[in-house]
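Q: Okay, here's the structure, questions in a sec.
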Amino acid sequence: MIGKLEGPVLEGALIRLEPLGHGHAADLALAAEENRETYSFTWVPRADQVEAYIDTQLARAATGRLAPYAQVSLVSGRVVGTTSYWEPRYWRDDDRLDAVEVGFTWLAASAQGTGVNAEAKLLLFRHAFEEWGVSRVDLKTDARNSRSRAAIEGVGARFEGVLRNWSRSWAPGEDGRLRDSAIFSVTDREWPQCRERLERRVAGFLSRQA
């Protein structure tokens with residue numbers, strides 16, 4: 001029987017990924033209210049919505065389809081955003097996970113461009129490929145979100161195309177509308193090269209802190 005999607009604590013040199021809970025709410029409220037200019041196409045709660053946001057993600061986790069994380073900066077000790085494993089897919093007749101998406105990712109403005117995103121992806125991808133043995137990891141974003149698309153390409157994922165009317169829009173004023181989604185992936189064959197690329201990027205950020 002296929003079980004619930006669960007992710008363990010994952011720790012690197014810049015970031016620790018902890019299963020999301022209400023104990024992260026206070027920091028997330030502060031993180032969410034930093035400069036919000038980069039959130040035009042992304043679901044990021046306002047400070048007074050954080051508790052409900054966590055409830056929603058935990059409800060999804062209870063269905064087995066989501067493993068949400070708080071992103072904890074090891075430099076500041078504060079939660080600086082969230083990310084998740086999402087939409088597990090099982091193609092074989094046993095419990096082995098074949099593919100998973102990484103999504104529901106956002107970072108406080110002060111954490112963007114600091115190496116946190118690169119190391120979080122390194123930790124998530126490495127666990128998915130090397131512990132779960134997946135064949136691919138998916139990522140997607142609003143096709144109009146050029147900043148997010150560049151960030152996804154920057155971690156080594158390959159653009160596969162745009163799926164029209166693929167998922168709900170998170171853009172302000174577009175409640176109830178669908179968006180076109182840009183789809184990216186990393187496959188198991190690509191993972192060694194992707195891992196090396198991410199490790200180099202993280203090392204570069206660490207050297208700047210030395």
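Chain labels A, B, ... are given in the sequence in which chains occur in the structure tokens; within each chain residues are numbered consecutively from 1, and ligands are likewise numbered from 1 in the order shown.
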Would you mind listing what lies within 12 Å of Thr114 (chain A) as an NGL selection string, with only C-alpha atoms counted and same-chain residues fewer than 2 positions away left out?
A: :A and (14-15 or 73-75 or 80 or 107-112 or 116-120 or 201-209)
Q: As a ChimeraX atom specification, please: all residues of chain A that backbone DSSP puts in helix (DSSP H, G or I).
A: /A:22-32,37-39,47-62,109-111,116-130,146-154,191-209
Q: What residues in region 68-150 of chain A get the DSSP label strand (DSSP E or B)? Please answer as an mmCIF file with N, CA and C atoms, in the first residue's frame.
A:
data_model
loop_
_atom_site.group_PDB
_atom_site.id
_atom_site.type_symbol
_atom_site.label_atom_id
_atom_site.label_comp_id
_atom_site.auth_asym_id
_atom_site.auth_seq_id
_atom_site.Cartn_x
_atom_site.Cartn_y
_atom_site.Cartn_z
ATOM 1 N N PRO A 68 5.350 19.542 3.475
ATOM 2 C CA PRO A 68 5.769 20.946 3.525
ATOM 3 C C PRO A 68 6.915 21.177 4.504
ATOM 4 N N TYR A 69 7.774 22.120 4.147
ATOM 5 C CA TYR A 69 8.937 22.457 4.958
ATOM 6 C C TYR A 69 8.970 23.945 5.280
ATOM 7 N N ALA A 70 9.497 24.255 6.459
ATOM 8 C CA ALA A 70 9.955 25.602 6.774
ATOM 9 C C ALA A 70 11.439 25.674 6.431
ATOM 10 N N GLN A 71 11.851 26.782 5.818
ATOM 11 C CA GLN A 71 13.254 26.986 5.490
ATOM 12 C C GLN A 71 13.885 27.847 6.593
ATOM 13 N N VAL A 72 14.801 27.263 7.344
ATOM 14 C CA VAL A 72 15.410 27.937 8.491
ATOM 15 C C VAL A 72 16.840 28.338 8.139
ATOM 16 N N SER A 73 17.120 29.623 8.169
ATOM 17 C CA SER A 73 18.471 30.117 7.903
ATOM 18 C C SER A 73 19.385 29.745 9.055
ATOM 19 N N VAL A 79 13.196 31.446 10.468
ATOM 20 C CA VAL A 79 12.513 30.871 9.311
ATOM 21 C C VAL A 79 12.406 31.961 8.244
ATOM 22 N N VAL A 80 12.828 31.631 7.028
ATOM 23 C CA VAL A 80 12.866 32.646 5.965
ATOM 24 C C VAL A 80 11.953 32.301 4.793
ATOM 25 N N GLY A 81 11.175 31.227 4.910
ATOM 26 C CA GLY A 81 10.270 30.875 3.826
ATOM 27 C C GLY A 81 9.818 29.429 3.938
ATOM 28 N N THR A 82 9.175 28.951 2.903
ATOM 29 C CA THR A 82 8.701 27.570 2.877
ATOM 30 C C THR A 82 9.044 26.922 1.537
ATOM 31 N N THR A 83 8.984 25.614 1.513
ATOM 32 C CA THR A 83 9.090 24.831 0.287
ATOM 33 C C THR A 83 8.466 23.472 0.581
ATOM 34 N N SER A 84 8.283 22.649 -0.437
ATOM 35 C CA SER A 84 7.578 21.371 -0.223
ATOM 36 C C SER A 84 7.952 20.346 -1.276
ATOM 37 N N TYR A 85 7.857 19.085 -0.896
ATOM 38 C CA TYR A 85 7.662 18.012 -1.859
ATOM 39 C C TYR A 85 6.156 17.960 -2.134
ATOM 40 N N TRP A 86 5.781 17.622 -3.385
ATOM 41 C CA TRP A 86 4.390 17.766 -3.793
ATOM 42 C C TRP A 86 4.093 16.793 -4.921
ATOM 43 N N GLU A 87 2.878 16.312 -4.979
ATOM 44 C CA GLU A 87 2.383 15.469 -6.067
ATOM 45 C C GLU A 87 3.271 14.247 -6.334
ATOM 46 N N PRO A 88 3.407 13.350 -5.353
ATOM 47 C CA PRO A 88 4.173 12.125 -5.595
ATOM 48 C C PRO A 88 3.489 11.264 -6.647
ATOM 49 N N ARG A 89 4.284 10.572 -7.444
ATOM 50 C CA ARG A 89 3.721 9.695 -8.467
ATOM 51 C C ARG A 89 4.380 8.318 -8.375
ATOM 52 N N ALA A 99 8.386 9.666 -9.055
ATOM 53 C CA ALA A 99 8.614 11.078 -9.384
ATOM 54 C C ALA A 99 7.923 11.934 -8.340
ATOM 55 N N VAL A 100 8.431 13.150 -8.176
ATOM 56 C CA VAL A 100 7.853 14.071 -7.205
ATOM 57 C C VAL A 100 8.130 15.491 -7.680
ATOM 58 N N GLU A 101 7.263 16.405 -7.282
ATOM 59 C CA GLU A 101 7.458 17.815 -7.606
ATOM 60 C C GLU A 101 8.019 18.538 -6.388
ATOM 61 N N VAL A 102 8.840 19.547 -6.626
ATOM 62 C CA VAL A 102 9.259 20.488 -5.590
ATOM 63 C C VAL A 102 8.547 21.802 -5.870
ATOM 64 N N GLY A 103 7.769 22.273 -4.909
ATOM 65 C CA GLY A 103 6.991 23.480 -5.161
ATOM 66 C C GLY A 103 6.579 24.177 -3.880
ATOM 67 N N PHE A 104 5.605 25.089 -3.994
ATOM 68 C CA PHE A 104 5.159 25.916 -2.875
ATOM 69 C C PHE A 104 6.362 26.599 -2.204
ATOM 70 N N THR A 105 7.266 27.101 -3.039
ATOM 71 C CA THR A 105 8.503 27.702 -2.540
ATOM 72 C C THR A 105 8.412 29.217 -2.549
ATOM 73 N N TRP A 106 8.725 29.826 -1.424
ATOM 74 C CA TRP A 106 8.920 31.271 -1.370
ATOM 75 C C TRP A 106 9.931 31.605 -0.287
ATOM 76 N N LEU A 107 10.618 32.727 -0.486
ATOM 77 C CA LEU A 107 11.637 33.188 0.446
ATOM 78 C C LEU A 107 11.424 34.660 0.755
ATOM 79 N N ARG A 136 12.562 11.318 -11.664
ATOM 80 C CA ARG A 136 12.567 12.726 -12.034
ATOM 81 C C ARG A 136 11.991 13.564 -10.896
ATOM 82 N N VAL A 137 12.429 14.814 -10.872
ATOM 83 C CA VAL A 137 11.862 15.829 -9.993
ATOM 84 C C VAL A 137 11.318 16.931 -10.887
ATOM 85 N N ASP A 138 10.065 17.314 -10.643
ATOM 86 C CA ASP A 138 9.408 18.363 -11.425
ATOM 87 C C ASP A 138 9.431 19.685 -10.672
ATOM 88 N N LEU A 139 9.428 20.773 -11.435
ATOM 89 C CA LEU A 139 9.215 22.113 -10.894
ATOM 90 C C LEU A 139 8.341 22.861 -11.894
ATOM 91 N N LYS A 140 7.460 23.728 -11.404
ATOM 92 C CA LYS A 140 6.658 24.519 -12.333
ATOM 93 C C LYS A 140 6.403 25.898 -11.749
ATOM 94 N N THR A 141 6.091 26.834 -12.628
ATOM 95 C CA THR A 141 5.804 28.195 -12.207
ATOM 96 C C THR A 141 4.885 28.839 -13.229
ATOM 97 N N ASP A 142 4.273 29.932 -12.840
ATOM 98 C CA ASP A 142 3.470 30.712 -13.783
ATOM 99 C C ASP A 142 4.347 31.059 -14.984
#
Q: Could you tell me how far CA of Tyr53 (chain A) sits from CA of Asp27 (chain A), in Å to one decimal place?
A: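 Straight-line distance from CA of Asp27 (chain A) to CA of Tyr53 (chain A) works out to 13.4 Å.
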